[in-house]
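> Contents of run-v1.txt (compact mmCIF, C-alpha atoms) are given next:
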# COMPACT_ATOMS: atom_id res chain seq x y z
CA MET A 1 0.00 0.00 0.00
CA ALA A 2 1.07 3.61 0.45
CA ASP A 3 4.00 5.14 2.21
CA LEU A 4 2.81 8.31 3.90
CA ILE A 5 5.28 11.15 4.29
CA PRO A 6 5.03 14.84 5.21
CA LEU A 7 3.80 16.84 2.25
CA ALA A 8 6.63 19.32 2.84
CA GLU A 9 9.03 16.66 1.51
CA ILE A 10 7.39 16.77 -1.95
CA ASP A 11 8.38 19.21 -4.70
CA PRO A 12 5.58 21.83 -4.87
CA GLN A 13 5.47 21.48 -8.67
CA LEU A 14 4.64 17.75 -8.32
CA ILE A 15 1.85 18.63 -5.89
CA GLU A 16 0.37 21.10 -8.39
CA GLN A 17 0.59 18.54 -11.21
CA LEU A 18 -1.21 15.95 -9.08
CA LEU A 19 -3.94 18.46 -8.17
CA ASP A 20 -4.39 19.37 -11.85
CA ARG A 21 -4.79 15.68 -12.73
CA ALA A 22 -7.15 14.94 -9.84
CA PHE A 23 -9.40 17.98 -10.29
CA GLU A 24 -8.46 20.09 -13.36
CA PRO A 25 -6.42 23.25 -13.84
CA GLU A 26 -9.56 25.41 -13.33
CA ARG A 27 -9.71 24.13 -9.73
CA ARG A 28 -8.28 27.43 -8.53
CA GLN A 29 -11.64 29.09 -9.25
CA ARG A 30 -13.40 26.91 -6.67
CA THR A 31 -14.81 28.30 -3.44
CA ALA A 32 -12.38 26.28 -1.30
CA TYR A 33 -9.54 28.39 -2.71
CA ARG A 34 -11.34 31.58 -1.61
CA ILE A 35 -11.95 30.19 1.89
CA ARG A 36 -8.20 29.73 2.40
CA ASP A 37 -6.98 32.68 0.33
CA GLY A 38 -3.67 34.09 1.56
CA VAL A 39 -2.81 31.38 4.10
CA ASP A 40 -0.41 28.46 3.80
CA TRP A 41 -1.25 24.82 4.42
CA LEU A 42 -0.15 23.40 7.74
CA PRO A 43 2.92 21.14 7.38
CA GLY A 44 2.19 19.08 10.49
CA LEU A 45 -1.23 18.01 9.18
CA SER A 46 -0.56 17.72 5.43
CA PHE A 47 0.67 14.48 3.89
CA ALA A 48 1.62 12.74 0.66
CA ALA A 49 0.97 9.14 -0.32
CA LEU A 50 3.60 7.37 -2.40
CA ASP A 51 2.67 4.23 -4.28
CA GLU A 52 4.63 0.96 -4.22
CA ASP A 53 7.05 2.38 -6.84
CA GLY A 54 7.64 5.60 -4.92
CA TYR A 55 5.47 7.77 -7.18
CA LEU A 56 3.21 10.46 -5.80
CA ALA A 57 -0.29 8.99 -5.73
CA GLY A 58 -2.14 11.39 -3.44
CA THR A 59 -2.01 14.38 -1.14
CA ILE A 60 -3.98 15.97 1.67
CA GLN A 61 -3.66 19.57 2.75
CA VAL A 62 -5.04 21.26 5.86
CA TRP A 63 -5.41 25.04 6.19
CA PRO A 64 -6.06 27.46 9.07
CA VAL A 65 -9.48 29.08 8.60
CA ALA A 66 -12.07 30.73 10.82
CA LEU A 67 -15.82 31.13 10.97
CA THR A 68 -16.55 34.76 11.79
CA ASP A 69 -19.88 34.95 13.60
CA ASP A 70 -22.45 37.75 13.40
CA ASP A 71 -20.74 39.54 16.31
CA GLY A 72 -17.40 39.63 14.44
CA ARG A 73 -15.77 36.97 16.60
CA ALA A 74 -13.49 34.56 14.71
CA HIS A 75 -13.80 30.87 15.62
CA PRO A 76 -10.65 29.03 14.45
CA MET A 77 -11.12 25.86 12.41
CA LEU A 78 -9.13 23.66 10.07
CA LEU A 79 -10.08 23.33 6.41
CA VAL A 80 -9.39 19.82 5.13
CA GLY A 81 -8.69 19.57 1.45
CA PRO A 82 -8.04 19.01 -1.16
CA VAL A 83 -7.84 15.29 -0.60
CA ALA A 84 -6.46 14.37 -4.01
CA VAL A 85 -5.56 11.05 -5.60
CA VAL A 86 -4.46 10.54 -9.20
CA PRO A 87 -7.47 9.29 -11.21
CA GLU A 88 -6.14 5.81 -11.99
CA ARG A 89 -5.55 5.06 -8.28
CA GLN A 90 -8.73 6.53 -6.76
CA THR A 91 -10.30 3.27 -5.60
CA GLU A 92 -7.22 1.87 -3.85
CA GLY A 93 -7.51 3.47 -0.40
CA PHE A 94 -4.97 6.27 -0.76
CA GLY A 95 -7.52 8.94 0.17
CA LYS A 96 -8.67 7.04 3.24
CA ALA A 97 -5.06 6.50 4.35
CA LEU A 98 -4.35 10.22 3.96
CA MET A 99 -7.43 11.14 6.00
CA MET A 100 -6.43 8.70 8.75
CA ALA A 101 -2.89 10.13 8.85
CA MET A 102 -4.25 13.66 9.15
CA LEU A 103 -6.72 12.71 11.89
CA GLY A 104 -3.96 10.86 13.75
CA ALA A 105 -1.75 13.96 13.66
CA LEU A 106 -4.33 16.20 15.33
CA ASP A 107 -3.63 17.32 18.89
CA ALA A 108 -6.37 15.74 21.01
CA ARG A 109 -5.70 18.27 23.77
CA ALA A 110 -6.91 21.17 21.62
CA PRO A 111 -9.35 19.82 19.05
CA LEU A 112 -10.44 22.39 16.49
CA PRO A 113 -13.48 21.79 14.32
CA LEU A 114 -12.59 20.39 10.91
CA VAL A 115 -14.45 21.74 7.91
CA MET A 116 -14.43 20.56 4.31
CA ILE A 117 -16.35 20.61 1.06
CA GLY A 118 -17.13 17.02 0.20
CA ASP A 119 -19.59 14.16 -0.02
CA GLU A 120 -21.38 13.62 3.30
CA ALA A 121 -22.28 10.04 2.42
CA TYR A 122 -18.57 9.18 2.27
CA TYR A 123 -16.96 11.59 4.76
CA GLY A 124 -19.81 11.18 7.22
CA ARG A 125 -19.71 7.40 7.19
CA PHE A 126 -15.96 7.04 7.56
CA PHE A 127 -14.86 10.24 9.30
CA GLN A 128 -17.92 11.75 11.07
CA PHE A 129 -18.24 14.90 8.91
CA HIS A 130 -21.78 16.31 8.72
CA ALA A 131 -23.60 19.11 6.91
CA ALA A 132 -26.38 19.85 9.44
CA PRO A 133 -24.31 22.19 11.69
CA THR A 134 -23.13 24.30 8.70
CA GLN A 135 -26.47 25.19 7.16
CA GLY A 136 -26.40 28.79 8.44
CA TRP A 137 -22.80 29.35 7.36
CA GLN A 138 -21.72 31.39 4.38
CA VAL A 139 -18.66 31.00 2.20
CA PRO A 140 -17.00 33.41 -0.27
CA GLY A 141 -18.42 31.76 -3.37
CA PRO A 142 -20.92 29.18 -4.52
CA VAL A 143 -21.23 25.90 -2.64
CA ASP A 144 -23.87 23.21 -2.39
CA PRO A 145 -24.94 23.48 1.28
CA ALA A 146 -25.15 19.68 1.49
CA ARG A 147 -21.41 19.53 0.72
CA LEU A 148 -20.22 22.01 3.37
CA LEU A 149 -19.27 19.59 6.14
CA VAL A 150 -17.90 19.87 9.66
CA ARG A 151 -16.48 17.42 12.17
CA CYS A 152 -16.62 18.60 15.77
CA GLU A 153 -16.60 16.82 19.12
CA ASN A 154 -19.55 18.92 20.28
CA PRO A 155 -21.40 20.62 17.38
CA ALA A 156 -23.50 22.59 19.91
CA VAL A 157 -20.51 24.90 20.47
CA LEU A 158 -20.41 25.92 16.80
CA PRO A 159 -21.91 29.24 15.76
CA ARG A 160 -25.18 28.78 13.88
CA ARG A 161 -24.29 31.57 11.45
CA GLY A 162 -21.13 33.13 10.14
CA MET A 163 -18.74 33.58 7.23
CA LEU A 164 -16.01 31.03 6.64
CA GLY A 165 -12.68 32.44 5.49
CA PRO A 166 -8.93 32.42 6.04
CA TRP A 167 -7.58 32.62 9.58
CA ARG A 168 -5.90 35.98 9.96
CA GLY A 169 -5.28 35.64 13.73
Please render this file's structure as structure tokens.


Amino acid sequence: MADLIPLAEIDPQLIEQLLDRAFEPERRQRTAYRIRDGVDWLPGLSFAALDEDGYLAGTIQVWPVALTDDDGRAHPMLLVGPVAVVPERQTEGFGKALMMAMLGALDARAPLPLVMIGDEAYYGRFFQFHAAPTQGWQVPGPVDPARLLVRCENPAVLPRRGMLGPWRG
């Protein structure tokens, strides 16, 4: 299966090529890019999956973001994604391994809510991400509300409304 290594050990150009193959070059127009605009991914939570021949098969990036509530208070969160796997390897478990590595690297002493844009049927079943707590949230661009997901130990602490954007703390 995959060897998982810190994403920082991968040439940034190879990461961009993988993301282009997994999504398409126009991916930069997506709302997720606006949510994290101007911040860098977090090296301690971002990983690469290498296949059995040592080739880059997948990546996961995690970004510092915040939900700013109606009172102007920023609630820090972590944006998960993209979770990207080259098309020809997408059914082999690389994405799941990357998610597990990221979740395992989180500090359990200070859990931040995790937010992502993804398929609730998949990310909910395997990783406890849900759309219900995010339905009053806004993002800087179009998004299907059913795909704006959050994972949080206690969703009752999450603001019901707010704007999701980069963490500028």

> Considering only C-alpha atoms, return as a ChimeraX atom specification whatever protein or nucleic-acid residues lie within 9 Å of segment 104-109 of chain A, sequence-local ones (same chain, fewer than 5 positions apart) excluded.

/A:44-45,99

> Give me the residues within 10 Å of Arg89 of chain A as a PDB file with C-alpha atoms, in the frame of the given file, counting all atoms listed in the file and dropping any in the same chain fewer than 6 places off.


ATOM      1  CA  ASP A  51       2.670   4.230  -4.280  1.00  0.00           C
ATOM      2  CA  ALA A  57      -0.290   8.990  -5.730  1.00  0.00           C
ATOM      3  CA  GLY A  58      -2.140  11.390  -3.440  1.00  0.00           C
ATOM      4  CA  GLY A  95      -7.520   8.940   0.170  1.00  0.00           C
TER       5      GLY A  95
END

> From the set A:Leu114, A:Val139, A:Leu149, A:Val65, which residue has the shortest atom-to-atom contact distance to Gly162 of chain A, counting all atoms listed in the file?

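The answer is A:Val139, which sits nearest to Gly162 of chain A.
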
> If you measure from atom CA of Asp119 of chain A to atom CA of Leu18 of chain A, what distance in Å do you get, rounded to one decimal?

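Distance reported for this atom pair: 20.6 Å.
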
> Atom CA of Ile117 of chain A and atom CA of Pro43 of chain A are how many Å apart?

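For atom CA of Ile117 of chain A relative to atom CA of Pro43 of chain A, the distance reads 20.3 Å.
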
> Just how far from atom CA of Pro133 of chain A is atom CA of Arg161 of chain A, in Å to one decimal?

9.4 Å

> Restricting the calculation to only C-alpha atoms, which member of A:Val62, A:Pro82, A:Val39, A:Lys96 is positioned closest to Arg125 of chain A?

A:Lys96

> Need the shell around Met77 of chain A: protein/DNA/RNA residues with any atom at most 12 Å away, counting only C-alpha atoms. Skip same-chain ones fewer than 6 positions apart. Format as JSON, numbers by chain?

{"A": [35, 36, 62, 63, 64, 65, 66, 67, 68, 110, 111, 112, 113, 114, 115, 116, 150, 151, 152, 158, 159, 164, 165, 166, 167, 168, 169]}

> Which is closest to Ala49 of chain A among A:Leu98, A:Ala131, A:Ala146, A:Ala156, if we use all atoms listed in the file?

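Checking each candidate against Ala49 of chain A, we get A:Leu98 as the closest.
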
> Of the residues A:Phe47, A:Tyr33, A:Tyr122, A:Trp41, which is the one nearest to Ile60 of chain A, using all atoms listed in the file?

A:Phe47

> Using the incomplete input, complete segment 41-54 of chain A to the level of N, CA and C atoms; output as a PDB file, keeping the file's coordinate frame.


ATOM      1  N   TRP A  41      -0.830  26.080   3.794  1.00  0.00           N
ATOM      2  CA  TRP A  41      -1.250  24.820   4.420  1.00  0.00           C
ATOM      3  C   TRP A  41      -0.325  24.508   5.587  1.00  0.00           C
ATOM      4  N   LEU A  42      -0.854  23.719   6.499  1.00  0.00           N
ATOM      5  CA  LEU A  42      -0.150  23.400   7.740  1.00  0.00           C
ATOM      6  C   LEU A  42       0.720  22.151   7.553  1.00  0.00           C
ATOM      7  N   PRO A  43       2.038  22.282   7.631  1.00  0.00           N
ATOM      8  CA  PRO A  43       2.920  21.140   7.380  1.00  0.00           C
ATOM      9  C   PRO A  43       2.693  19.951   8.300  1.00  0.00           C
ATOM     10  N   GLY A  44       2.349  20.182   9.549  1.00  0.00           N
ATOM     11  CA  GLY A  44       2.190  19.080  10.490  1.00  0.00           C
ATOM     12  C   GLY A  44       0.940  18.237  10.268  1.00  0.00           C
ATOM     13  N   LEU A  45       0.020  18.726   9.432  1.00  0.00           N
ATOM     14  CA  LEU A  45      -1.230  18.010   9.180  1.00  0.00           C
ATOM     15  C   LEU A  45      -1.427  17.647   7.708  1.00  0.00           C
ATOM     16  N   SER A  46      -0.449  17.948   6.870  1.00  0.00           N
ATOM     17  CA  SER A  46      -0.560  17.720   5.430  1.00  0.00           C
ATOM     18  C   SER A  46       0.415  16.628   5.002  1.00  0.00           C
ATOM     19  N   PHE A  47      -0.096  15.681   4.216  1.00  0.00           N
ATOM     20  CA  PHE A  47       0.670  14.480   3.890  1.00  0.00           C
ATOM     21  C   PHE A  47       0.624  14.142   2.412  1.00  0.00           C
ATOM     22  N   ALA A  48       1.578  13.297   2.010  1.00  0.00           N
ATOM     23  CA  ALA A  48       1.620  12.740   0.660  1.00  0.00           C
ATOM     24  C   ALA A  48       1.607  11.226   0.757  1.00  0.00           C
ATOM     25  N   ALA A  49       0.971  10.598  -0.219  1.00  0.00           N
ATOM     26  CA  ALA A  49       0.970   9.140  -0.320  1.00  0.00           C
ATOM     27  C   ALA A  49       1.796   8.754  -1.539  1.00  0.00           C
ATOM     28  N   LEU A  50       2.777   7.896  -1.310  1.00  0.00           N
ATOM     29  CA  LEU A  50       3.600   7.370  -2.400  1.00  0.00           C
ATOM     30  C   LEU A  50       3.168   5.945  -2.668  1.00  0.00           C
ATOM     31  N   ASP A  51       3.071   5.599  -3.946  1.00  0.00           N
ATOM     32  CA  ASP A  51       2.670   4.230  -4.280  1.00  0.00           C
ATOM     33  C   ASP A  51       3.845   3.266  -4.105  1.00  0.00           C
ATOM     34  N   GLU A  52       3.622   2.007  -4.434  1.00  0.00           N
ATOM     35  CA  GLU A  52       4.630   0.960  -4.220  1.00  0.00           C
ATOM     36  C   GLU A  52       5.920   1.197  -5.007  1.00  0.00           C
ATOM     37  N   ASP A  53       5.852   2.048  -6.056  1.00  0.00           N
ATOM     38  CA  ASP A  53       7.050   2.380  -6.840  1.00  0.00           C
ATOM     39  C   ASP A  53       7.662   3.723  -6.432  1.00  0.00           C
ATOM     40  N   GLY A  54       7.115   4.331  -5.394  1.00  0.00           N
ATOM     41  CA  GLY A  54       7.640   5.600  -4.920  1.00  0.00           C
ATOM     42  C   GLY A  54       7.097   6.823  -5.637  1.00  0.00           C
TER      43      GLY A  54
END
